[in-house]
Amino acid sequence: MNSLKIENLQASIEDKAILHGLSLEIPKGEVHAIMGPNGSGKSTLAKVLSGHPSYKVDGGSATLDEENILGLEPDEISRLGLFLAFQYPMEVPGVTIANFIRAARNARLPEGEKVKAVDFYKELYEHMDDLGMDRKFTARSLNDGFSGGEKKRCEILQMSMLSPKYCILDETDSGLDIDALRVVSEGVNRMRNPDRGILVITHYQRLLEYIVPDYVHVMSEGKIVRTGGKELALELEERGYDWIKQEAVA
Amino acid sequence: MSLETISPASMDTFSLSQPHTFNEFAESRSWEPGWLADYRHDCWEKFASLPKRILKDERWRFSPRTRFGFDQISGLSLPKESLTLAVPSLSDGLSIDLFDQLLLEEPHALTLLTKLMGPDLGADDYSFLTGAFAQTGFLLRANKGVAGVSPIIIEHQEPEAGQIAFHHNLIVLDANTEVTIVERFVGQANNPGGCISNLLKVQLGEGARLNRIVIQECSSKATIVQMENFNIGKNAYLNSTNLHLGGSQSRIESKGILKEPGAHFEYGSVFLGNEEQLFDQRTIQVHEAPHCTSNLLCKNALRKEAKSIFSGLIKVDEEAQHTDAYQTNRNLLLSSEAEADSLPGLEILANEVKCSHGATTSRIDPQELFYLHSRGISKVEAEKLIALGFLSESLLNIDHQETRDTALNALADAFSS
Amino acid sequence: MISPSQVEVDRDKGNFHYDTDYSFDAGIGLSEDVIRYISEVKEEDPWVLDFRLKALKTFEKKPMPTHWATEDLKNINFDVIRYYLAKGQKPSRTWDEVPDDVKNTFERLGIPEQERKFLAGVEAQFDSEAAYSRMNEELEKEGVIFVGSTEGLKEHPEIFRKWFGKVIPTSDNKFSALNSAVFSGGSFIYIPPGVKLAQPLQAYFRINAENFGQFERTLIIADEGSEVMYMEGCTAPKFETSTLHSAVVELVALKGAKIQYVTVQNWSNNVFNLVTKRALAEEEAEVRWIDCNIGSRLTMKYPGVILRGRKARGEVVSIALANDGQHQDTGAKMVHAADETSSNVVSKSISIGEGRSSYRGLVQMPGHLKGCKNNTECDALLINNNSQTDTYPAITVQGDANSVQHEASVSKVSAEQIFYMQQRGLGEAEAMSLCVNGFVNDLIREFPMEYSVELKRLIDLEMEGSVG
């Protein structure tokens, strides 16, 4: 079956266990949201799935369209079709956005082939226009000196240019004002289609008003402790996370 | 027999470079314990075997070294007057004692001195001579967990013209202690023009904190040589803020070694130069352990023909990953004859580091001057205000309010004189 | 993790050599006889021989500068070096006349092709003498002189003798003295007043023989209001034993003239590259040293500008890349000697593996001057945890009418940056390469287009050899 499938995933950093047997399946065409209190392991899940070298996988499995991704290099996972929109996108001085995205596109082509500059820029400009980004941005260094909103737009721009099979958005709403939130959400919504699965990680319900999920999962202490429809997000907003934690213990 | 009567201050044909001077001195101290005599002798030998003339010693680059010669020195100062303490009531476990007293009462405590080396930044002659000839100094000790409430005040007295004072000092703070000291270098009123050679070693145990403030107001004829070693242990914190106002020539050598993870070294210095004053400063921040931080800011404002030399090095060893180290030298030139030399260096052998240095030398911004001018402040006064603001910034770091005010006032006074 | 490898991908282009017969050979080692031999085959005037012999004395007297420089200098054995090797003293004016082995060498390095594409003049030096030297005929008509040092001193003494050895005196340092004793080859260039060259002049220096020392001497005089860009490149095959390259380059920019001197140094990494480069800038003149050091075992090079005329400007833009077994010890000297002069230094270095890069700077502003400015920025990037960088600037400012600003920083490419780029599908090596290129990108743009493309490629290759 075509899905991003995580089963009983256990992972740790510096000998500290963070994920304690997490299971989750995101079929293509669906949008899932993970909510949870700080420290519940949401960002760790995103990093582990992307192959971050600081984390150690202690057990379980993760497959992308039935292909194992655990233990692969981050770039291999990326080329298999998993995209992570970072909570804190890195600044890379001197490397322009255009050159960076072009290099990423070229990395997806067979050895020796390259994207055509004319086609590439046409496509890039279209996506930038959609996201309300000034075309001058193409010549700016990647995230270098960007505001919080500019960084997040740049993440969505990369996401749309790389057309991944599965997207994970890690706290994409953090640091965004309401206008930026709308633009970014619209960008994500444009990417919703039957051939793509999306996982939205967020602490607040606010983002889910713009990107309406099919399912909401609640994460606590490295596990999914509850799954429901979009109304679960509202309940969490109202009641906080404590009741879930208590339920989970009980 | 009192100590004074056997002091060789009035020895005939006194000359620091002559073996007979040391031999006579050693003779007069024959009552001292054998280990101390050996130490003095060892230091003397090291001094005597230093190469006589090193033509191209990088550690003295830009420095008119002859201004730090020994030819004019004809005797040692009297230890009793040379160093005095003003000690508040001390908590149990915190003590400060003078070298000469300890020698009579608790000589074994002084054995620590024999492990005292100079910072090895150029003035080896002074550090070895201090080991050989020092008759006074202080030993500050704090046992585990002790915190001193008010600052301990130490006064170093400039000797009379022609005399030299050698001070040999040690601060040992055990784990989780906190102490504030103020070291004042006081000018000679009667017959100014002496020389002070001051050697200090500081050792901070885990989590210890030392706040040290130096206010140097020697006469305009004095020679000051300060050699400082700071060894900073795990999670320990050292803040040394230095205000240099007096002296004809000063040589300051400061070495901060970050020995264990979590150590922090904060070093600030301010020099206001006037007439033909020379301020020759050499610093080194040595990062031996990972996860340490150091920050150094040296500011010089120079009037008339004053000259400053700043030579600083950040050295990051291979093991010292995750280092944060900064070094800044700012010079403000207030006259057409003033000169500032700057040698800011980095030697980085680890790659997981954040290191930077900056050095600027400039004049007062004419726009700034004009602004004050337009408010009716005279040019002279405006220059003073701006320069005072430039320098006093570094003194605002002093935590102890009374001391901070003392330092700020001393600086302001120096401007109006 | 990223670790240095033994691959020497970057210098493959220059790493070849053809066996060559030399008609002129001064033998092995340095002596008065060697100098007399060089002077004789060059048919020099007596004053030149005299100049050389005096320089030899100075060289012998001067100690190695190991009180501040690296101890590696002690590994140079002056007694095993061959100081003069040539097939002849007269360069050919067409490539057809160049002997096959030499011509093949330069063709492999792409020199004739570059000449056709974008150069106003080319000199190609093979060991001690230029094998080929030609300049655009139009320029010749305008009075531009572009010849070798031997020809320059013999044919145009009225122009070159006046400045020869004046910007860099023989006794400046041990290696300038050595060069003054045994110099051969290099370019002597004169640009008449008001002549502005639209295309660059280029020299290419090739070391072909083992144990050979190359000592070219370059003097460029840009007369009032003229403009010139000079580019030099260099390569050598990788021999078992080390080789010495010790040039002296003097630039004179008269009133309002502009000189840009571009170097791409890519010696094989057993070459000691100890070069003295200095310029004199008169009123409103501008001198820019644009310097890239990728090759050599040890490079010591601190291009300088003596700002002697009012409003003169000096600039050093430099990129250094130090890989395993390399020490790039580079920097800049700015001596302000007139009012309102300004200087700018931007230096970026990258240390890979056990490579070491050092910056040494000197800025001087005496107190009788007004309105002088210097700005210096040095940034170092460390790739591996055994890479090394040092910074040793020396700044002297007198008086209350000048200003100097110096800043230096050290950083590394963080693991998080690499992860971020990998998450977009780039391999680790490619991500590292992009970051490093990004680090020097703004400086690479200062190089002429034809060079900047080559530079990017070189840095890419160098990184690929180091990652993985």
# chains A, B, ... in the order shown; residues from 1 in each chain; ligands from 1
>>> select_by_dssp(residues="stretch 87-269 of chain C", states="helix (DSSP H, G or I)", output="ChimeraX atom specification")
/C:95-97,100-108,111-118,137-141,149-155,157-160,170-172,174-182
>>> interface_residues(of="chain C", to="chain B", cutoff="8 Å", atoms="only C-alpha atoms", output="number ranges by chain")
C: 67-68, 367-368, 382-412
>>> residues_around(residues="C:Thr276", least_positions_apart="6", cutoff="9 Å", atoms="only C-alpha atoms", output="VMD selection string")
chain C and resid 168 172 to 173 175 to 176 246 to 250 300 to 304
>>> closest_atom_pairs(of="chain C", to="chain A", cutoff="9 Å", atoms="only C-alpha atoms", output="CSV")
residue,atom,partner,partner_atom,distance
C:Val413,CA,A:Val92,CA,8.8
C:Ala415,CA,A:Pro53,CA,8.9
C:Glu416,CA,A:Met90,CA,7.1
C:Gln417,CA,A:Met90,CA,5.7
C:Phe419,CA,A:His52,CA,6.7
C:Tyr420,CA,A:Met90,CA,6.6
C:Met421,CA,A:Asp75,CA,8.0
C:Gln422,CA,A:Asp75,CA,4.4
C:Gln423,CA,A:Pro74,CA,5.3
C:Arg424,CA,A:Ser78,CA,5.8
C:Gly425,CA,A:Asp75,CA,4.1
C:Leu426,CA,A:Asp75,CA,5.5
C:Gly427,CA,A:Asp75,CA,5.7
C:Glu428,CA,A:Asp75,CA,7.8
C:Glu430,CA,A:Ala103,CA,8.8
C:Leu434,CA,A:Val95,CA,6.6
C:Cys435,CA,A:Val95,CA,6.6
C:Val436,CA,A:Gly94,CA,8.5
C:Asn437,CA,A:Gly94,CA,7.3
C:Gly438,CA,A:Gly94,CA,3.6
C:Phe439,CA,A:Gly94,CA,5.5
C:Val440,CA,A:Gly94,CA,7.5
C:Asn441,CA,A:Gly94,CA,6.0
C:Asp442,CA,A:Gly94,CA,7.4
>>> atom_distance(atom1="atom CA of B:Gly75", atom2="atom CA of B:Thr21")
9.7 Å
>>> residues_around(residues="stretch 97-108 of chain B", least_positions_apart="6", cutoff="8 Å", atoms="only C-alpha atoms", output="list in words")
Glu32, Pro33, Gln135, Thr136, Gly137, Phe138, Leu139, Leu140 and His168 of chain B
>>> write_last_selection(atoms="C-alpha atoms", output="PDB file, in the first residue's frame")
ATOM      1  CA  GLU B  32      64.497  31.569  55.574  1.00  0.00           C
ATOM      2  CA  PRO B  33      63.588  27.898  55.111  1.00  0.00           C
ATOM      3  CA  GLN B 135      59.893  39.879  50.208  1.00  0.00           C
ATOM      4  CA  THR B 136      56.196  40.497  50.237  1.00  0.00           C
ATOM      5  CA  GLY B 137      52.962  39.545  48.555  1.00  0.00           C
ATOM      6  CA  PHE B 138      49.648  38.146  49.624  1.00  0.00           C
ATOM      7  CA  LEU B 139      48.098  34.738  49.861  1.00  0.00           C
ATOM      8  CA  LEU B 140      44.320  34.637  49.614  1.00  0.00           C
ATOM      9  CA  HIS B 168      54.616  37.610  44.796  1.00  0.00           C
TER      10      HIS B 168
END
>>> atom_distance(atom1="atom CA of B:Ile154", atom2="atom CA of B:Thr406")
14.4 Å
>>> residues_around(residues="B:Asn176", least_positions_apart="3", cutoff="6 Å", atoms="only C-alpha atoms", output="PDB file with N, CA and C atoms, in the first residue's frame")
ATOM      1  N   GLY B 145      33.084  26.373  49.515  1.00  0.00           N
ATOM      2  CA  GLY B 145      31.754  26.879  49.842  1.00  0.00           C
ATOM      3  C   GLY B 145      31.701  28.254  50.476  1.00  0.00           C
ATOM      4  N   GLY B 207      33.399  25.677  40.103  1.00  0.00           N
ATOM      5  CA  GLY B 207      32.310  26.587  40.454  1.00  0.00           C
ATOM      6  C   GLY B 207      32.730  27.828  41.230  1.00  0.00           C
ATOM      7  N   ALA B 208      34.037  28.033  41.414  1.00  0.00           N
ATOM      8  CA  ALA B 208      34.481  29.217  42.166  1.00  0.00           C
ATOM      9  C   ALA B 208      34.308  30.473  41.333  1.00  0.00           C
TER      10      ALA B 208
END
